[in-house]
Structures are given as C-alpha cells and as structure tokens.
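**Q** Contents of query.txt (compact mmCIF, C-alpha atoms and all ligand atoms) are below:
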```
# COMPACT_ATOMS: atom_id res chain seq x y z
CA MET A 3 110.26 151.92 -24.20
CA ALA A 4 109.99 155.64 -23.33
CA ALA A 5 106.52 157.14 -22.97
CA PRO A 6 105.12 158.51 -26.24
CA ILE A 7 105.61 162.24 -26.80
CA VAL A 8 102.03 162.55 -28.07
CA LYS A 9 99.32 160.33 -26.65
CA ILE A 10 95.79 160.50 -28.03
CA GLU A 11 93.32 158.53 -25.96
CA GLN A 12 89.77 157.86 -27.12
CA VAL A 13 89.25 161.36 -28.41
CA SER A 14 85.91 162.53 -29.71
CA LYS A 15 85.11 166.01 -30.90
CA SER A 16 81.92 167.63 -32.15
CA TYR A 17 81.17 171.04 -33.56
CA HIS A 18 77.99 172.89 -32.84
CA SER A 19 76.67 174.73 -35.85
CA GLN A 20 73.26 175.68 -37.21
CA GLY A 21 71.52 174.41 -34.10
CA GLN A 22 72.99 170.94 -34.08
CA ASP A 23 76.04 169.01 -32.94
CA THR A 24 78.04 167.18 -35.55
CA LEU A 25 80.46 164.50 -34.46
CA VAL A 26 83.69 165.19 -36.38
CA LEU A 27 86.13 162.89 -34.58
CA SER A 28 85.06 159.65 -32.95
CA ASN A 29 87.06 157.60 -30.50
CA ILE A 30 90.51 158.29 -31.91
CA SER A 31 93.46 156.70 -30.15
CA LEU A 32 97.04 156.80 -31.30
CA ASP A 33 100.50 157.34 -29.87
CA VAL A 34 103.44 159.08 -31.47
CA GLU A 35 106.92 158.19 -30.26
CA LYS A 36 109.62 160.79 -29.83
CA GLY A 37 111.45 161.35 -33.11
CA GLU A 38 108.80 159.62 -35.16
CA VAL A 39 107.19 160.96 -38.33
CA ILE A 40 103.57 159.98 -38.78
CA SER A 41 101.19 160.97 -41.55
CA ILE A 42 97.45 161.25 -41.53
CA LEU A 43 95.73 160.55 -44.82
CA GLY A 44 92.04 160.88 -45.47
CA LYS A 45 89.58 162.50 -47.78
CA SER A 46 88.62 166.15 -47.50
CA GLY A 47 86.44 166.91 -44.50
CA CYS A 48 87.26 163.74 -42.54
CA GLY A 49 88.69 165.74 -39.63
CA LYS A 50 92.44 165.83 -40.21
CA SER A 51 92.87 169.54 -39.47
CA THR A 52 90.52 169.24 -36.51
CA LEU A 53 92.68 166.48 -35.06
CA LEU A 54 95.85 168.56 -35.54
CA ASN A 55 94.15 171.57 -33.95
CA CYS A 56 93.27 169.45 -30.93
CA ILE A 57 96.86 168.13 -30.64
CA GLY A 58 98.17 171.70 -30.92
CA GLY A 59 95.82 172.97 -28.21
CA PHE A 60 93.87 175.26 -30.56
CA GLU A 61 90.69 173.23 -30.07
CA GLN A 62 89.41 171.33 -27.07
CA VAL A 63 88.25 167.73 -27.30
CA ASN A 64 84.79 166.74 -26.01
CA GLU A 65 85.83 163.31 -24.82
CA GLY A 66 89.13 161.60 -24.17
CA HIS A 67 92.58 163.06 -23.62
CA ILE A 68 95.54 164.36 -25.54
CA LEU A 69 98.86 164.32 -23.71
CA LEU A 70 102.06 166.06 -24.78
CA ASP A 71 104.99 164.48 -22.99
CA GLY A 72 102.63 163.18 -20.31
CA GLN A 73 100.78 166.47 -19.75
CA GLU A 74 97.25 167.18 -20.87
CA VAL A 75 97.15 169.65 -23.77
CA LYS A 76 94.99 172.62 -22.81
CA LYS A 77 96.47 175.44 -24.86
CA PRO A 78 99.07 175.97 -27.60
CA SER A 79 102.73 175.74 -26.60
CA LYS A 80 106.05 176.38 -28.33
CA ARG A 81 107.03 172.78 -27.69
CA CYS A 82 104.43 171.77 -30.25
CA MET A 83 104.22 174.05 -33.29
CA MET A 84 101.51 174.09 -35.88
CA LEU A 85 102.22 174.80 -39.50
CA MET A 86 98.85 176.03 -40.70
CA GLN A 87 97.08 174.93 -43.87
CA ASN A 88 96.69 178.62 -44.86
CA TYR A 89 100.29 179.58 -43.88
CA GLY A 90 99.22 181.96 -41.08
CA LEU A 91 101.66 184.71 -42.10
CA LEU A 92 101.12 188.22 -40.78
CA PRO A 93 100.67 190.48 -43.81
CA TRP A 94 102.06 193.58 -42.10
CA ARG A 95 105.35 191.93 -41.19
CA SER A 96 108.23 191.32 -43.59
CA VAL A 97 109.46 187.80 -44.31
CA GLN A 98 112.30 188.31 -41.82
CA LYS A 99 109.88 189.57 -39.14
CA ASN A 100 107.43 186.75 -39.78
CA VAL A 101 110.13 184.13 -39.18
CA GLU A 102 111.34 186.06 -36.12
CA LEU A 103 107.85 185.93 -34.67
CA GLY A 104 108.20 182.55 -33.02
CA LEU A 105 111.63 183.38 -31.63
CA GLU A 106 110.47 186.40 -29.68
CA GLY A 107 110.52 185.79 -25.94
CA MET A 108 112.94 182.86 -26.34
CA ASN A 109 115.92 184.44 -24.63
CA LEU A 110 118.01 184.72 -27.78
CA SER A 111 120.25 187.69 -28.56
CA LYS A 112 119.50 189.88 -31.58
CA SER A 113 122.39 188.38 -33.53
CA GLU A 114 121.33 184.82 -32.64
CA ILE A 115 117.82 185.57 -33.87
CA HIS A 116 119.17 187.11 -37.04
CA GLU A 117 121.46 184.16 -37.69
CA ARG A 118 118.78 181.60 -37.07
CA VAL A 119 116.23 183.37 -39.26
CA ASN A 120 118.79 183.64 -42.01
CA ASP A 121 119.72 179.92 -41.74
CA TYR A 122 116.14 178.78 -42.13
CA LEU A 123 115.32 181.29 -44.87
CA GLU A 124 118.36 180.04 -46.71
CA MET A 125 117.17 176.49 -46.28
CA VAL A 126 113.85 177.30 -47.96
CA GLY A 127 115.63 179.36 -50.65
CA LEU A 128 114.30 182.76 -49.60
CA ALA A 129 117.23 184.49 -47.89
CA ASP A 130 117.18 187.15 -50.60
CA ARG A 131 113.51 187.95 -49.94
CA ALA A 132 113.89 188.65 -46.21
CA ASN A 133 112.62 192.22 -46.57
CA ALA A 134 109.65 191.42 -48.80
CA PHE A 135 106.08 191.33 -47.47
CA PRO A 136 103.90 188.21 -47.82
CA SER A 137 101.66 189.89 -50.41
CA GLU A 138 104.70 190.33 -52.65
CA LEU A 139 105.40 186.59 -52.69
CA SER A 140 103.84 183.71 -54.61
CA GLY A 141 101.71 181.16 -52.73
CA GLY A 142 104.56 178.64 -52.76
CA MET A 143 106.99 181.23 -51.39
CA GLN A 144 104.58 182.15 -48.60
CA GLN A 145 104.33 178.51 -47.74
CA ARG A 146 108.12 178.25 -47.56
CA VAL A 147 108.24 181.25 -45.19
CA ALA A 148 105.72 179.50 -42.96
CA ILE A 149 107.85 176.33 -43.04
CA ALA A 150 110.97 178.35 -42.11
CA ARG A 151 109.09 180.01 -39.26
CA ALA A 152 107.93 176.70 -37.76
CA LEU A 153 111.35 175.04 -38.10
CA ALA A 154 113.24 178.07 -36.73
CA ILE A 155 111.56 177.58 -33.36
CA GLN A 156 113.08 174.09 -33.25
CA PRO A 157 110.07 172.64 -31.47
CA GLU A 158 109.92 169.07 -30.18
CA VAL A 159 106.77 168.36 -32.16
CA ILE A 160 105.74 169.92 -35.45
CA LEU A 161 102.19 169.58 -36.68
CA MET A 162 102.06 170.10 -40.42
CA ASP A 163 98.83 170.59 -42.31
CA GLU A 164 99.44 170.07 -46.03
CA PRO A 165 102.80 171.88 -45.79
CA PHE A 166 103.93 171.27 -49.35
CA GLY A 167 100.54 171.42 -51.07
CA ALA A 168 101.08 174.65 -53.03
CA LEU A 169 104.63 173.88 -54.13
CA ASP A 170 105.86 172.67 -57.49
CA THR A 171 107.18 169.09 -57.60
CA PHE A 172 110.88 170.02 -57.48
CA THR A 173 110.57 172.41 -54.55
CA ARG A 174 108.39 169.85 -52.81
CA TYR A 175 110.95 167.07 -53.24
CA TYR A 176 113.75 169.39 -52.16
CA LEU A 177 111.92 170.48 -49.00
CA GLN A 178 110.91 166.92 -48.19
CA ASP A 179 114.60 165.98 -48.20
CA GLU A 180 115.51 169.02 -46.10
CA LEU A 181 112.80 168.07 -43.65
CA ILE A 182 114.14 164.52 -43.34
CA GLN A 183 117.60 165.89 -42.58
CA ILE A 184 116.40 168.40 -39.99
CA GLN A 185 114.15 165.81 -38.44
CA LYS A 186 117.03 163.33 -38.14
CA ARG A 187 119.43 165.93 -36.79
CA GLU A 188 117.07 167.39 -34.23
CA GLN A 189 115.01 164.27 -33.51
CA THR A 190 111.87 166.32 -34.11
CA THR A 191 108.58 164.50 -33.93
CA ILE A 192 106.35 165.27 -36.90
CA VAL A 193 102.64 164.78 -37.38
CA LEU A 194 101.90 165.44 -41.02
CA VAL A 195 98.53 165.80 -42.70
CA THR A 196 98.71 165.29 -46.43
CA HIS A 197 96.63 164.31 -49.44
CA ASP A 198 99.73 163.07 -51.20
CA ILE A 199 100.19 159.30 -50.80
CA ASP A 200 103.77 159.41 -52.13
CA GLU A 201 104.71 162.17 -49.70
CA ALA A 202 103.31 160.15 -46.81
CA ILE A 203 105.29 157.04 -47.82
CA TYR A 204 108.46 159.05 -48.46
CA LEU A 205 108.45 160.80 -45.08
CA SER A 206 106.63 158.62 -42.58
CA ASP A 207 107.43 155.85 -40.16
CA ARG A 208 103.72 155.13 -39.86
CA ILE A 209 100.67 156.24 -41.81
CA PHE A 210 97.18 156.51 -40.35
CA ILE A 211 94.32 156.39 -42.81
CA MET A 212 91.17 158.09 -41.58
CA SER A 213 87.63 157.36 -42.63
CA ALA A 214 84.99 160.08 -42.55
CA ASN A 215 81.65 160.96 -40.95
CA PRO A 216 82.70 160.79 -38.21
CA GLY A 217 86.48 160.85 -38.53
CA GLN A 218 88.01 157.63 -37.25
CA VAL A 219 91.30 155.83 -37.63
CA HIS A 220 90.55 153.28 -40.30
CA LYS A 221 94.00 151.72 -40.64
CA GLU A 222 97.59 152.06 -39.45
CA ILE A 223 100.37 151.14 -41.86
CA LYS A 224 103.99 150.85 -40.75
CA ILE A 225 106.48 151.90 -43.43
CA GLN A 226 109.69 149.87 -43.26
CA GLY A 227 113.03 150.94 -44.66
CA SER A 228 115.49 153.70 -43.94
CA LYS A 229 115.16 157.26 -45.27
CA PRO A 230 115.60 158.82 -47.73
CA ARG A 231 113.56 156.28 -49.64
CA ASP A 232 113.60 155.47 -53.31
CA ARG A 233 110.30 156.43 -54.90
CA SER A 234 110.90 154.01 -57.76
CA ASP A 235 111.70 150.82 -55.85
CA SER A 236 109.35 147.89 -55.39
CA ASP A 237 108.74 148.45 -51.66
CA PHE A 238 107.54 151.96 -52.42
CA GLN A 239 105.17 150.62 -55.10
CA HIS A 240 103.93 148.02 -52.65
CA TYR A 241 102.96 150.66 -50.07
CA ARG A 242 101.44 152.85 -52.75
CA GLU A 243 99.20 150.00 -53.84
CA LEU A 244 98.34 149.05 -50.27
CA ILE A 245 97.21 152.58 -49.43
CA PHE A 246 95.41 153.06 -52.71
CA ASN A 247 93.40 149.89 -52.05
CA GLU A 248 92.51 151.12 -48.58
CA PHE A 249 91.16 154.31 -50.09
CA GLN A 250 89.00 152.42 -52.51
CA PHE A 251 87.76 150.47 -49.54
CA THR A 252 86.87 153.55 -47.52
CA ASN A 253 85.17 155.14 -50.52
CA LYS A 254 83.18 151.98 -51.20
CA GLN A 255 82.17 151.83 -47.57
CA ALA A 256 81.10 155.45 -47.73
CA ILE A 257 78.86 154.73 -50.71
CA GLU A 258 77.40 151.61 -49.06
CA TYR A 259 76.46 153.54 -45.97
CA ASN A 260 75.32 156.50 -48.04
CA ILE A 261 77.65 158.97 -46.31
N1 LIG B 301 84.99 175.59 -36.52
C1 LIG B 301 84.15 174.71 -37.06
N2 LIG B 301 82.82 174.76 -36.84
C2 LIG B 301 81.98 173.86 -37.36
N3 LIG B 301 82.36 172.83 -38.13
C3 LIG B 301 83.66 172.71 -38.40
C4 LIG B 301 84.64 173.63 -37.89
N4 LIG B 301 85.87 173.24 -38.33
C5 LIG B 301 85.68 172.15 -39.08
N5 LIG B 301 84.36 171.82 -39.13
C6 LIG B 301 83.79 170.65 -39.82
O1 LIG B 301 84.48 169.51 -39.37
C7 LIG B 301 84.70 168.60 -40.44
C8 LIG B 301 86.16 168.27 -40.54
O2 LIG B 301 86.87 169.45 -40.94
P1 LIG B 301 88.45 169.47 -41.09
O3 LIG B 301 88.83 170.83 -41.47
O4 LIG B 301 89.06 168.88 -39.87
O5 LIG B 301 88.65 168.45 -42.33
P2 LIG B 301 89.98 168.04 -43.11
O6 LIG B 301 90.05 166.54 -43.05
O7 LIG B 301 91.12 168.79 -42.60
O8 LIG B 301 89.63 168.47 -44.60
P3 LIG B 301 90.59 169.06 -45.75
O9 LIG B 301 91.35 167.87 -46.29
O10 LIG B 301 89.63 169.58 -46.77
O11 LIG B 301 91.46 170.11 -45.19
C9 LIG B 301 84.11 169.25 -41.69
O12 LIG B 301 82.82 168.71 -41.90
C10 LIG B 301 84.02 170.71 -41.32
O13 LIG B 301 82.94 171.33 -41.97
MG MG B 302 92.33 170.30 -43.44
```
I'd like the structure from this file rewritten - as structure tokens, please.

**A**
Amino acid sequence: MAAPIVKIEQVSKSYHSQGQDTLVLSNISLDVEKGEVISILGKSGCGKSTLLNCIGGFEQVNEGHILLDGQEVKKPSKRCMMLMQNYGLLPWRSVQKNVELGLEGMNLSKSEIHERVNDYLEMVGLADRANAFPSELSGGMQQRVAIARALAIQPEVILMDEPFGALDTFTRYYLQDELIQIQKREQTTIVLVTHDIDEAIYLSDRIFIMSANPGQVHKEIKIQGSKPRDRSDSDFQHYRELIFNEFQFTNKQAIEYNI
C-alpha cells in the first residue's frame, strides 16, 4: 500500500494561557490515505479545530510529528488547504476576488482564473453574486464562497472545519453531493470536522470519535458501502446508532471522571 498522504504520529499539543499549560491534544496517532475522506467527531472544545490547525501547519505540535506526503508539516501549504470554521473571507474583496485569492501565484492566465472561479461559484450557486462583498451576503452564502475558494485551488488535501454548519438542510445535502463528486473526480483527500453524525456517515470512509480533556482518539469506525449513501437504509441506521452509543459512552465517562 502507498504511504499515507497525512500521517499523525503520537501528537500532543498544549496551550499556554493565564499562567498555565493546558494539554489540548494527547498522543494522537492516525493516518489518512490518499483519496480518503475521514471525519472527526467530538464534543465542543475537545480539540478538533486544534488538530486541523496542526495538520494545516497553522499551529505547531509540542510532541510527535505530522507528515504531509512524507514531509514534516512546518507551515501552511497550498497542497493542504484549510476551510476555516469562521469562513476566513476578506471583507474588502468581492466574492470573485475572494475566490481568486488562492489562485494568485499559481501560474494561471487571467482567463483561466476567471473560468475556474466562475465554475466553482456556479457549483455553490453564487455565480450571480460574483461582484458582491461578503457583508452583503447571508452567513450561508459566505460559507459557500469559502467552500468555492478552497475547492478552486484543487488541493490534494482539504481540511474542513464545520463547512456546512450554517447552511439550510437542502443546501447542505446538495453541497455534500457536490463534494462527493469533486472528491471522486479529483481524488482529493478530505479531513472533515463536523458535529453532524449523519454528515459524517454520509461522507466518510472512516470516522474518528474524539474524547475531551485532553483530546484523544476514542474510537475509529470504518464506514462500509459505496457513495452516495442512502440515509434511510438499515446500514446507515446501524452506524448512526453505533456512533450515538459511543457518544453516550464518552459523556458518561466524562461525568465519572468529573471532567
Ligand atoms: N489559541 C489558543 N490559546 C489557548 N487555548 C486555546 C487556543 N485555541 C484553542 N484553545 C483551547 O483548546 C481547546 C480545544 O479548542 P478547539 O477549538 O480545538 O475545540 P473544538 O473541538 O474545535 O471545539 P468546537 O467544536 O467548539 O469548535 C479548548 O479548551 C480551547 O479553549
Ligand atoms: Mg472547532
């Protein structure tokens, strides 16, 4: 088997604040194969965004290693794009210019950039808002611009932090299907953080459930079956129940240990 595109080896990470160190991630190890979609589920504050930030090179780990295609991650790169939890749009740039942002310096002609931006804006249903500014858009629309911007770069790995959180159910389902198609076509590797159990089952090849204080990998669940999946079939219900039970377990554990 080929080497994993993302390799996380015994990673620990603490933050220093108010005079003390707090261990946020403890001894996390996991591999992501090229072309795989994995999801990270866990309650608020367990360290999901921190882990993504470390994979993306925005934060440094205190112990262990993170490798992207065999090379230690030390800073952000265009091979591994982060779709931020708060969209990360630049308010002074139009929608068009925000999506262009990642394409600058990529050796594309003006017309290629224009075409690509238009393709991805069309995909997220916002081609007609290309000249608007982020403040003129709803939260869900801003999120779709951020999705278009990340996908337009066509990176090898996309890190997504709650990408569909602010969207209505129909737009969310539509974009989940679009994502599956793009991911299949371009063999993109996706690491997705979500609170939505159904979304994780629908999109992922494997799901990692994290426990909190400090953040650790509590359980890995492999999701069988080809995509797109049927949300109403019995396999889907089976995984839903399995994950739900794991959450009750982690919550119970948290209460037992008073954390
Ligand atoms: N820059 C920082 N400095 C200090 N502490 C931080 C920093 N960033 C995150 N933390 C702490 O690390 C822990 C994990 O935060 P993180 O944002 O990774 O959680 P999360 O699992 O993404 O939560 P959510 O689901 O709410 O987005 C929290 O206790 C948070 O307060
Ligand atoms: Mg987060």

**Q** Pick out the closest residue to Glu188 (chain A) from this set: A:Pro216, A:Gly227, A:Gly167, A:Pro157. Count all atoms listed in the file.

**A**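 Closest to Glu188 (chain A), using all atoms listed in the file: A:Pro157.
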
**Q** Can I get the residues close to ligand LIG 301 (chain B) as a list in words, where close means within 7 Å and we count all atoms listed in the file?

**A** Tyr17, His18, Ser19, Val26, Gly44, Lys45, Ser46, Gly47, Cys48, Gly49, Lys50, Ser51, Thr52 and Leu53 of chain A

**Q** If you measure from CA of Thr171 (chain A) to CA of Met143 (chain A), what distance in Å do you get, rounded to one decimal?

**A** 13.6 Å

**Q** Go through A:Asp130, A:Glu201, A:Asp33, A:Glu124 one by one, measure the shortest atom-to-atom distance of each to Pro6 (chain A) using all atoms listed in the file, and give the residue with the smallest value.

**A**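 Between A:Asp130, A:Glu201, A:Asp33, A:Glu124, the residue approaching Pro6 (chain A) most closely is A:Asp33.
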
**Q** Could you tell me how far CA of Ser206 (chain A) sits from CA of Asp170 (chain A), in Å to one decimal place?

**A** 20.5 Å

**Q** I'd like to know which of A:Arg231, A:His197, A:Arg242, A:Lys77 is closest to ligand MG 302 (chain B), using all atoms listed in the file.

**A**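 Ranked by minimum distance to ligand MG 302 (chain B), first place goes to A:His197.
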
**Q** If you count all atoms listed in the file, which residues fall within 10 Å of Arg81 (chain A), apart from same-chain ones fewer than 6 positions away, as a list in words?

**A**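 That gives Gly58, Leu70, Asp71, Ile155, Gln156, Pro157, Glu158, Val159 and Ile160 of chain A.
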
**Q** Please determine, counting all atoms listed in the file, which residue among A:Glu102, A:Asp121, A:Glu74, A:Asp163 has the shortest atom-to-atom distance to ligand MG 302 (chain B).

**A**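 The shortest atom-to-atom distance to ligand MG 302 (chain B) comes from A:Asp163.
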
**Q** With all heavy atoms as the goal, would you fill in the gaps in region 36-47 of chain A and present it as a compact mmCIF listing (two decimals), in the coordinates of the input?

**A**
```txt
# COMPACT_ATOMS: atom_id res chain seq x y z
N LYS A 36 108.68 159.69 -29.61
CA LYS A 36 109.62 160.79 -29.83
C LYS A 36 110.50 160.51 -31.05
O LYS A 36 111.02 159.41 -31.21
CB LYS A 36 110.48 160.97 -28.58
CG LYS A 36 111.30 162.23 -28.64
CD LYS A 36 111.93 162.55 -27.30
CE LYS A 36 112.99 163.62 -27.45
NZ LYS A 36 112.63 164.72 -28.32
N GLY A 37 110.61 161.50 -31.93
CA GLY A 37 111.45 161.35 -33.11
C GLY A 37 110.79 160.64 -34.27
O GLY A 37 111.41 160.37 -35.28
N GLU A 38 109.52 160.33 -34.10
CA GLU A 38 108.80 159.62 -35.16
C GLU A 38 108.14 160.62 -36.13
O GLU A 38 107.79 161.73 -35.74
CB GLU A 38 107.70 158.78 -34.49
CG GLU A 38 107.40 157.51 -35.22
CD GLU A 38 106.26 156.70 -34.59
OE1 GLU A 38 105.60 157.16 -33.64
OE2 GLU A 38 106.03 155.61 -35.09
N VAL A 39 107.98 160.18 -37.37
CA VAL A 39 107.19 160.96 -38.33
C VAL A 39 105.95 160.14 -38.66
O VAL A 39 106.06 159.00 -39.13
CB VAL A 39 107.97 161.22 -39.64
CG1 VAL A 39 107.12 162.05 -40.61
CG2 VAL A 39 109.29 161.92 -39.36
N ILE A 40 104.79 160.69 -38.38
CA ILE A 40 103.57 159.98 -38.78
C ILE A 40 102.77 160.87 -39.73
O ILE A 40 102.82 162.10 -39.66
CB ILE A 40 102.69 159.55 -37.59
CG1 ILE A 40 102.05 160.75 -36.90
CG2 ILE A 40 103.44 158.69 -36.60
CD1 ILE A 40 100.69 160.40 -36.31
N SER A 41 102.06 160.23 -40.64
CA SER A 41 101.19 160.97 -41.55
C SER A 41 99.75 160.57 -41.34
O SER A 41 99.47 159.42 -40.99
CB SER A 41 101.55 160.66 -43.01
OG SER A 41 102.73 161.28 -43.35
N ILE A 42 98.88 161.52 -41.58
CA ILE A 42 97.45 161.25 -41.53
C ILE A 42 96.90 161.50 -42.92
O ILE A 42 97.05 162.59 -43.48
CB ILE A 42 96.76 162.16 -40.49
CG1 ILE A 42 97.37 161.89 -39.12
CG2 ILE A 42 95.26 161.91 -40.48
CD1 ILE A 42 96.94 162.86 -38.05
N LEU A 43 96.32 160.45 -43.48
CA LEU A 43 95.73 160.55 -44.82
C LEU A 43 94.24 160.37 -44.69
O LEU A 43 93.77 159.57 -43.87
CB LEU A 43 96.25 159.41 -45.71
CG LEU A 43 97.65 159.48 -46.32
CD1 LEU A 43 97.98 158.12 -46.97
CD2 LEU A 43 97.73 160.57 -47.37
N GLY A 44 93.50 161.07 -45.50
CA GLY A 44 92.04 160.88 -45.47
C GLY A 44 91.40 161.90 -46.36
O GLY A 44 91.98 162.97 -46.61
N LYS A 45 90.18 161.59 -46.81
CA LYS A 45 89.58 162.50 -47.78
C LYS A 45 89.18 163.82 -47.14
O LYS A 45 89.08 163.91 -45.91
CB LYS A 45 88.41 161.81 -48.49
CG LYS A 45 87.26 161.49 -47.62
CD LYS A 45 86.16 160.90 -48.49
CE LYS A 45 84.88 160.85 -47.68
NZ LYS A 45 83.73 160.39 -48.41
N SER A 46 88.94 164.81 -47.97
CA SER A 46 88.62 166.15 -47.50
C SER A 46 87.42 166.13 -46.56
O SER A 46 86.41 165.47 -46.84
CB SER A 46 88.32 167.03 -48.72
OG SER A 46 88.02 168.32 -48.29
N GLY A 47 87.55 166.80 -45.45
CA GLY A 47 86.44 166.91 -44.50
C GLY A 47 86.39 165.80 -43.46
O GLY A 47 85.48 165.77 -42.63
```
